[in-house]
Amino acid sequence: MQQYDAYAAAYDRSGQLRFSILMDVYLRDLLRSHAVPGWTMVDLACGTGTLALLMAERGWTVLGLDNSPAMLAQAEQKRATLNKPVAVQFGQADMRDFALATPVDLVTCCFDTLNYLTAEAELACCLAAVARALVPQGLFCFDLATDYFLRHYWQGVEFEEFDGYSQVMHSHYDAATGCSTLVLTGFTATASGSYQRFREVHVERAYPDVVVRQLLAQAGLVVEAVYDCFTLQPPNERSLRLMYVARRRPPDE
Ligand SMILES: C[S@@+](CC[C@H](N)C(=O)[O-])C[C@H]1O[C@@H](n2cnc3c(N)ncnc32)[C@H](O)[C@@H]1O
């Protein structure tokens, strides 16, 4: 079973939806200081589509891309519940190797998603694909969980209970690889009153800032700012998550 196959149906109600709501508010602030040439965007690894739909409600023309059919199905369902038409399309793509027919003004990639690329070469491929997907001067905004976060927060065992769904998260940080492995065991209530169990393994890697900057530069993306995520302050040694804002270099530079 692939990551997010079974978890997709529980993703929003296990509290993950909140992140996109906060990110939408944060991006509004961020884009006031970092101008974008137009109103077209891709939300890369859009998951259940919350951020894509919120951005579309604010006037963006959005393409949400993800490689999980189950997450995309949730996104389509969510769109169907809106009672007004919004300019959103969802499609399946791998963020390490995607191409657009027409480049866009903004690409976002949120909620640890680039941490899922555990090989530097994969991150480099993704950044190159993003650069190709942007118009000159287009903006790429993405967050990355820090080593501090994976080391101190993706550790130990947590149990959480929600309406009709419970989960056990067992995580372990490996200092040798800089990766954290999370074993997620979910229990979804069925109509008959029993629970259906699933298990998924999620691995995230933290990248040092110097490596991220090097890979961005190689891809032709110029770092405009790095923030302690959800603030407009610079990162500090206890930052849990960083927000990178990078602009596509004009072709003649
Ligand atoms: C932590 S979730 C974040 C989802 C969404 N961005 C959000 O903020 O809720 C990570 C997402 O990345 C997607 N994903 C992981 N690897 C991917 C890849 N190689 N290409 C495209 N999507 C990928 C997963 O399917 C999942 O939807």
# chains A, B, ... in the order shown; residues from 1 in each chain; ligands from 1

$ residues_around --residues "range 128-141 of chain A" --least-positions-apart "5" --cutoff "10 Å" --atoms "only C-alpha atoms" --output "number ranges by chain"
A: 27, 30-31, 34-38, 40-44, 95-110, 122-123, 215-226, 243-252

$ residues_near_ligand --ligand "ligand 1" --cutoff "6 Å" --atoms "only C-alpha atoms and all ligand atoms" --output "list in words"
Tyr4, Ser20, Ala45, Cys46, Gly47, Asp66, Asn67, Ser68, Met71, Ala93, Asp94, Met95, Arg96, Cys110, Phe111, Asp112 and Thr113 of chain A

$ residues_around --residues "range 88-92 of chain A" --least-positions-apart "3" --cutoff "8 Å" --atoms "only C-alpha atoms" --output "list in words"
Ala52, Leu53, Ala56, Thr61, Val62, Leu63, Gly64, Leu65, Asp66, Asn67, Ser68, Pro69, Leu72, Ala75 and Glu76 of chain A

$ residues_around --residues "Ala10 in chain A" --least-positions-apart "5" --cutoff "10 Å" --atoms "only C-alpha atoms" --output "PDB file with N, CA, C and O atoms, in the first residue's frame"
ATOM      1  N   TYR A   4      -0.461   7.509   2.011  1.00  0.00           N
ATOM      2  CA  TYR A   4      -1.638   8.356   1.788  1.00  0.00           C
ATOM      3  C   TYR A   4      -2.810   7.637   1.121  1.00  0.00           C
ATOM      4  O   TYR A   4      -3.873   8.213   0.986  1.00  0.00           O
ATOM      5  N   GLY A  15      -6.874  16.599  11.791  1.00  0.00           N
ATOM      6  CA  GLY A  15      -6.324  17.898  12.187  1.00  0.00           C
ATOM      7  C   GLY A  15      -5.410  18.530  11.150  1.00  0.00           C
ATOM      8  O   GLY A  15      -4.987  19.680  11.301  1.00  0.00           O
ATOM      9  N   GLN A  16      -5.106  17.814  10.078  1.00  0.00           N
ATOM     10  CA  GLN A  16      -4.136  18.332   9.091  1.00  0.00           C
ATOM     11  C   GLN A  16      -4.689  19.506   8.284  1.00  0.00           C
ATOM     12  O   GLN A  16      -3.925  20.323   7.765  1.00  0.00           O
ATOM     13  N   GLN A  74     -10.032  13.064  -2.637  1.00  0.00           N
ATOM     14  CA  GLN A  74     -10.552  13.888  -1.528  1.00  0.00           C
ATOM     15  C   GLN A  74     -10.660  15.341  -1.967  1.00  0.00           C
ATOM     16  O   GLN A  74     -11.620  16.041  -1.637  1.00  0.00           O
ATOM     17  N   PHE A 162     -10.020  10.946  17.199  1.00  0.00           N
ATOM     18  CA  PHE A 162     -10.898  11.913  16.542  1.00  0.00           C
ATOM     19  C   PHE A 162     -12.251  11.244  16.350  1.00  0.00           C
ATOM     20  O   PHE A 162     -12.433  10.082  16.685  1.00  0.00           O
ATOM     21  N   ASP A 163     -13.166  11.997  15.749  1.00  0.00           N
ATOM     22  CA  ASP A 163     -14.493  11.455  15.504  1.00  0.00           C
ATOM     23  C   ASP A 163     -14.410  10.338  14.449  1.00  0.00           C
ATOM     24  O   ASP A 163     -14.137  10.611  13.284  1.00  0.00           O
ATOM     25  N   GLY A 164     -14.576   9.104  14.858  1.00  0.00           N
ATOM     26  CA  GLY A 164     -14.572   7.987  13.901  1.00  0.00           C
ATOM     27  C   GLY A 164     -13.200   7.565  13.414  1.00  0.00           C
ATOM     28  O   GLY A 164     -13.076   6.780  12.470  1.00  0.00           O
ATOM     29  N   TYR A 165     -12.162   8.095  14.026  1.00  0.00           N
ATOM     30  CA  TYR A 165     -10.804   7.753  13.571  1.00  0.00           C
ATOM     31  C   TYR A 165      -9.818   7.935  14.719  1.00  0.00           C
ATOM     32  O   TYR A 165      -9.865   8.937  15.438  1.00  0.00           O
ATOM     33  N   SER A 166      -8.945   6.960  14.901  1.00  0.00           N
ATOM     34  CA  SER A 166      -7.876   7.070  15.912  1.00  0.00           C
ATOM     35  C   SER A 166      -6.553   6.714  15.254  1.00  0.00           C
ATOM     36  O   SER A 166      -6.531   5.961  14.272  1.00  0.00           O
ATOM     37  N   GLN A 167      -5.454   7.245  15.816  1.00  0.00           N
ATOM     38  CA  GLN A 167      -4.158   6.902  15.215  1.00  0.00           C
ATOM     39  C   GLN A 167      -3.059   6.811  16.262  1.00  0.00           C
ATOM     40  O   GLN A 167      -3.085   7.497  17.287  1.00  0.00           O
ATOM     41  N   GLY A 186      -3.452   3.645  11.661  1.00  0.00           N
ATOM     42  CA  GLY A 186      -4.757   4.311  11.752  1.00  0.00           C
ATOM     43  C   GLY A 186      -5.872   3.297  11.944  1.00  0.00           C
ATOM     44  O   GLY A 186      -5.785   2.161  11.467  1.00  0.00           O
ATOM     45  N   PHE A 187      -6.910   3.718  12.650  1.00  0.00           N
ATOM     46  CA  PHE A 187      -8.080   2.858  12.895  1.00  0.00           C
ATOM     47  C   PHE A 187      -9.316   3.658  12.495  1.00  0.00           C
ATOM     48  O   PHE A 187      -9.646   4.661  13.142  1.00  0.00           O
ATOM     49  N   THR A 188      -9.951   3.225  11.407  1.00  0.00           N
ATOM     50  CA  THR A 188     -11.094   3.965  10.876  1.00  0.00           C
ATOM     51  C   THR A 188     -12.375   3.222  11.231  1.00  0.00           C
ATOM     52  O   THR A 188     -12.500   2.021  10.959  1.00  0.00           O
TER      53      THR A 188
END

$ residues_around --residues "Gly178 in chain A" --least-positions-apart "4" --cutoff "9 Å" --atoms "only C-alpha atoms" --output "number ranges by chain"
A: 147, 150-151, 173-174, 204-207

$ write_last_selection --atoms "N, CA and C atoms" --output "CSV table (one decimal), in the first residue's frame"
chain,number,residue,atom,x,y,z
A,147,ASP,N,15.8,20.3,10.9
A,147,ASP,CA,16.5,19.2,11.6
A,147,ASP,C,16.0,19.2,13.1
A,150,LEU,N,12.6,17.6,13.3
A,150,LEU,CA,12.5,16.1,13.2
A,150,LEU,C,13.2,15.5,14.4
A,151,ARG,N,14.3,16.1,14.9
A,151,ARG,CA,15.0,15.5,16.0
A,151,ARG,C,14.2,15.5,17.3
A,173,TYR,N,14.1,9.3,15.1
A,173,TYR,CA,15.0,10.1,14.3
A,173,TYR,C,16.4,9.4,14.2
A,174,ASP,N,16.9,9.3,13.0
A,174,ASP,CA,18.2,8.7,12.8
A,174,ASP,C,19.3,9.8,12.6
A,204,GLU,N,10.9,11.4,6.5
A,204,GLU,CA,11.2,12.8,6.1
A,204,GLU,C,12.7,13.1,6.4
A,205,ARG,N,13.3,13.9,5.5
A,205,ARG,CA,14.7,14.3,5.7
A,205,ARG,C,14.8,15.8,5.9
A,206,ALA,N,15.6,16.2,6.8
A,206,ALA,CA,15.8,17.7,6.9
A,206,ALA,C,17.1,18.0,6.1
A,207,TYR,N,17.0,19.2,5.5
A,207,TYR,CA,18.2,19.6,4.7
A,207,TYR,C,18.8,20.9,5.3

$ select_by_dssp --residues "range 45-230 of chain A" --states "alpha helix (DSSP H)" --output "PyMOL selection string"
chain A and resi 50-57+69-81+120-133+147-153+209-219

$ select_by_dssp --residues "range 39-129 of chain A" --states "strand (DSSP E)" --output "PDB file with N, CA, C and O atoms, in the first residue's frame"
ATOM      1  N   THR A  40      -1.765  33.141 -11.745  1.00  0.00           N
ATOM      2  CA  THR A  40      -1.864  31.700 -11.998  1.00  0.00           C
ATOM      3  C   THR A  40      -0.877  30.979 -11.079  1.00  0.00           C
ATOM      4  O   THR A  40       0.213  31.490 -10.816  1.00  0.00           O
ATOM      5  N   MET A  41      -1.276  29.824 -10.604  1.00  0.00           N
ATOM      6  CA  MET A  41      -0.392  29.117  -9.661  1.00  0.00           C
ATOM      7  C   MET A  41      -0.575  27.603  -9.697  1.00  0.00           C
ATOM      8  O   MET A  41      -1.615  27.105 -10.140  1.00  0.00           O
ATOM      9  N   VAL A  42       0.462  26.934  -9.228  1.00  0.00           N
ATOM     10  CA  VAL A  42       0.397  25.488  -8.975  1.00  0.00           C
ATOM     11  C   VAL A  42       0.591  25.277  -7.487  1.00  0.00           C
ATOM     12  O   VAL A  42       1.518  25.858  -6.904  1.00  0.00           O
ATOM     13  N   ASP A  43      -0.282  24.484  -6.869  1.00  0.00           N
ATOM     14  CA  ASP A  43       0.012  24.012  -5.516  1.00  0.00           C
ATOM     15  C   ASP A  43       0.536  22.586  -5.679  1.00  0.00           C
ATOM     16  O   ASP A  43      -0.231  21.672  -5.996  1.00  0.00           O
ATOM     17  N   LEU A  44       1.829  22.453  -5.489  1.00  0.00           N
ATOM     18  CA  LEU A  44       2.525  21.185  -5.718  1.00  0.00           C
ATOM     19  C   LEU A  44       2.345  20.298  -4.488  1.00  0.00           C
ATOM     20  O   LEU A  44       2.538  20.763  -3.360  1.00  0.00           O
ATOM     21  N   THR A  61      -6.031  31.384 -10.266  1.00  0.00           N
ATOM     22  CA  THR A  61      -6.340  30.232 -11.125  1.00  0.00           C
ATOM     23  C   THR A  61      -5.342  29.155 -10.737  1.00  0.00           C
ATOM     24  O   THR A  61      -4.130  29.338 -10.905  1.00  0.00           O
ATOM     25  N   VAL A  62      -5.853  28.048 -10.199  1.00  0.00           N
ATOM     26  CA  VAL A  62      -4.974  27.100  -9.505  1.00  0.00           C
ATOM     27  C   VAL A  62      -4.990  25.725 -10.164  1.00  0.00           C
ATOM     28  O   VAL A  62      -6.054  25.210 -10.528  1.00  0.00           O
ATOM     29  N   LEU A  63      -3.797  25.159 -10.263  1.00  0.00           N
ATOM     30  CA  LEU A  63      -3.665  23.748 -10.627  1.00  0.00           C
ATOM     31  C   LEU A  63      -3.066  23.041  -9.414  1.00  0.00           C
ATOM     32  O   LEU A  63      -1.964  23.389  -8.968  1.00  0.00           O
ATOM     33  N   GLY A  64      -3.801  22.101  -8.857  1.00  0.00           N
ATOM     34  CA  GLY A  64      -3.295  21.316  -7.727  1.00  0.00           C
ATOM     35  C   GLY A  64      -2.760  19.998  -8.247  1.00  0.00           C
ATOM     36  O   GLY A  64      -3.490  19.257  -8.916  1.00  0.00           O
ATOM     37  N   LEU A  65      -1.489  19.722  -7.960  1.00  0.00           N
ATOM     38  CA  LEU A  65      -0.869  18.473  -8.430  1.00  0.00           C
ATOM     39  C   LEU A  65      -0.451  17.618  -7.237  1.00  0.00           C
ATOM     40  O   LEU A  65       0.065  18.144  -6.246  1.00  0.00           O
ATOM     41  N   ASP A  66      -0.654  16.329  -7.355  1.00  0.00           N
ATOM     42  CA  ASP A  66      -0.228  15.397  -6.296  1.00  0.00           C
ATOM     43  C   ASP A  66      -0.050  14.037  -6.959  1.00  0.00           C
ATOM     44  O   ASP A  66      -0.641  13.773  -8.001  1.00  0.00           O
ATOM     45  N   VAL A  88     -10.151  25.980 -10.277  1.00  0.00           N
ATOM     46  CA  VAL A  88      -9.195  24.970  -9.793  1.00  0.00           C
ATOM     47  C   VAL A  88      -9.280  23.728 -10.647  1.00  0.00           C
ATOM     48  O   VAL A  88     -10.371  23.267 -10.972  1.00  0.00           O
ATOM     49  N   GLN A  89      -8.112  23.190 -10.966  1.00  0.00           N
ATOM     50  CA  GLN A  89      -8.063  21.856 -11.570  1.00  0.00           C
ATOM     51  C   GLN A  89      -7.125  21.027 -10.711  1.00  0.00           C
ATOM     52  O   GLN A  89      -6.157  21.569 -10.162  1.00  0.00           O
ATOM     53  N   PHE A  90      -7.412  19.748 -10.624  1.00  0.00           N
ATOM     54  CA  PHE A  90      -6.501  18.852  -9.910  1.00  0.00           C
ATOM     55  C   PHE A  90      -5.963  17.818 -10.892  1.00  0.00           C
ATOM     56  O   PHE A  90      -6.670  17.406 -11.812  1.00  0.00           O
ATOM     57  N   GLY A  91      -4.707  17.435 -10.704  1.00  0.00           N
ATOM     58  CA  GLY A  91      -4.131  16.438 -11.604  1.00  0.00           C
ATOM     59  C   GLY A  91      -3.050  15.643 -10.910  1.00  0.00           C
ATOM     60  O   GLY A  91      -2.475  16.079  -9.905  1.00  0.00           O
ATOM     61  N   GLN A  92      -2.795  14.457 -11.470  1.00  0.00           N
ATOM     62  CA  GLN A  92      -1.780  13.585 -10.866  1.00  0.00           C
ATOM     63  C   GLN A  92      -0.418  13.859 -11.494  1.00  0.00           C
ATOM     64  O   GLN A  92      -0.293  13.898 -12.729  1.00  0.00           O
ATOM     65  N   VAL A 104       3.463  29.169 -14.881  1.00  0.00           N
ATOM     66  CA  VAL A 104       2.597  29.907 -13.955  1.00  0.00           C
ATOM     67  C   VAL A 104       3.406  30.970 -13.197  1.00  0.00           C
ATOM     68  O   VAL A 104       4.641  30.978 -13.229  1.00  0.00           O
ATOM     69  N   ASP A 105       2.676  31.836 -12.482  1.00  0.00           N
ATOM     70  CA  ASP A 105       3.308  32.957 -11.766  1.00  0.00           C
ATOM     71  C   ASP A 105       3.812  32.553 -10.375  1.00  0.00           C
ATOM     72  O   ASP A 105       4.717  33.181  -9.832  1.00  0.00           O
ATOM     73  N   LEU A 106       3.160  31.536  -9.801  1.00  0.00           N
ATOM     74  CA  LEU A 106       3.477  31.156  -8.423  1.00  0.00           C
ATOM     75  C   LEU A 106       3.400  29.638  -8.290  1.00  0.00           C
ATOM     76  O   LEU A 106       2.467  29.018  -8.825  1.00  0.00           O
ATOM     77  N   VAL A 107       4.369  29.060  -7.605  1.00  0.00           N
ATOM     78  CA  VAL A 107       4.276  27.644  -7.197  1.00  0.00           C
ATOM     79  C   VAL A 107       4.396  27.612  -5.679  1.00  0.00           C
ATOM     80  O   VAL A 107       5.277  28.269  -5.108  1.00  0.00           O
ATOM     81  N   THR A 108       3.494  26.855  -5.047  1.00  0.00           N
ATOM     82  CA  THR A 108       3.597  26.640  -3.605  1.00  0.00           C
ATOM     83  C   THR A 108       3.798  25.139  -3.366  1.00  0.00           C
ATOM     84  O   THR A 108       3.345  24.323  -4.174  1.00  0.00           O
ATOM     85  N   CYS A 109       4.461  24.820  -2.278  1.00  0.00           N
ATOM     86  CA  CYS A 109       4.636  23.409  -1.907  1.00  0.00           C
ATOM     87  C   CYS A 109       4.759  23.390  -0.383  1.00  0.00           C
ATOM     88  O   CYS A 109       5.777  23.831   0.160  1.00  0.00           O
TER      89      CYS A 109
END

$ atom_distance --atom1 "CA of Leu232 in chain A" --atom2 "CA of Val25 in chain A"
12.6 Å

$ atom_distance --atom1 "CA of Ala6 in chain A" --atom2 "CA of Thr81 in chain A"
21.4 Å

$ atom_distance --atom1 "CA of Glu200 in chain A" --atom2 "CA of Met169 in chain A"
9.9 Å

$ closest_residue --among "A:Ala73, A:Ala9, A:Val203, A:Val168" --to "Thr181 in chain A" --atoms "only C-alpha atoms"
A:Val203
